[in-house]
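Since the structure comes first, as structure tokens, the remarks are kept for the end.
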Amino acid sequence: GIPGAPPGLAINPLVARYKTKDDRWIQLVFLQPDKFWAGFCKRMGLAELANDERFVPSANLIANATEATAIFANAFAAHDLAHWRQVLHGEPGVWAALA
């Protein structure tokens with residue numbers, strides 16, 4: 001079976017919802033974390049995480065999902081949805097603002 005996580009905890013931080021500063025939500029659905037990780041970290045202004053052994057390869061990312069999720073939650077919470085739409089424009093991974 002597919003491993004699960006307790007409610008509120010993302011087993012893959014790149015398949016999760018994140019709240020923005022203006023109380024909007026962004027959903028990420030990057031099902032292949034190894035494919036998207038480095039580029040997404042750089043796009044988010046977190047280039048130092050692109051090769052961080054806590055999160056690379058994806059087995060490490062899943063093992064440290066709580067920490068990675070918290071990092072992204074803090075980053076998304078620092079700016080409003082309009083900012084993130086500009087930052088994520090052209091992102092090859094699947095994402096959307098939630099209605």
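If you're wondering about the labels, chains in the structure tokens are A, B, ... by order shown, residues count from 1 in each chain, ligands from 1 in order shown.
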
- Item | Residues of stretch 7-86 of chain A in alpha helix (DSSP H), written as a count of residues only | 36

- Could you give me the residues within stretch 5-63 of chain A that DSSP places in strand (DSSP E), as a list in words?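 Here is the list: Val15, Ala16, Arg17, Tyr18, Lys19, Trp25, Ile26, Gln27, Leu28 and Val29 of chain A.
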
Selection above as a file: C-alpha atoms, as a compact mmCIF listing (two decimals), in the first residue's frame:
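What landed in selection_6.txt:
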# COMPACT_ATOMS: atom_id res chain seq x y z
CA VAL A 15 2.28 17.42 -1.99
CA ALA A 16 0.72 19.70 0.59
CA ARG A 17 -1.30 22.86 1.21
CA TYR A 18 0.40 25.99 2.48
CA LYS A 19 -1.23 29.12 3.93
CA TRP A 25 -3.91 28.61 0.35
CA ILE A 26 -1.58 27.12 -2.25
CA GLN A 27 -1.71 23.42 -3.07
CA LEU A 28 1.43 21.73 -4.38
CA VAL A 29 1.22 18.38 -6.16

- Task: Mind giving me the straight-line distance from atom CA of A:Ala78 to atom CA of A:Arg43 in Å, one decimal?
- Result: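 Atom-to-atom, atom CA of A:Ala78 to atom CA of A:Arg43, that is 14.7 Å.
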
- Message: At a cut-off of 12 Å, using only C-alpha atoms, what residues contact stretch 50-67 of chain A? Leave out same-chain residues fewer than 6 positions from it and give the result as a PyMOL selection string.
- Response: chain A and resi 3-6+8-16+30-44+73-74

- Query: Expressed in Å to a single decimal, how great is the separation between atom CA of A:Thr20 and atom CA of A:Leu46?
  - Reply: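 Answer for the atom CA of A:Thr20 to atom CA of A:Leu46 separation: 16.6 Å.
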
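Proximity to A:Leu49 was assessed for A:His83, A:Gly93, A:Phe76, A:Ile71 counting only C-alpha atoms; the smallest distance is recorded for A:Ile71.
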
- Atom pair atom CA of A:Arg24 / atom CA of A:Leu81: separation (Å): 6.4 Å

- Message: Using only C-alpha atoms for the distances, tell me which of A:Glu48, A:Ala68, A:Ala97, A:Asp23 is nearest to A:Arg85.
- Response: A:Ala97
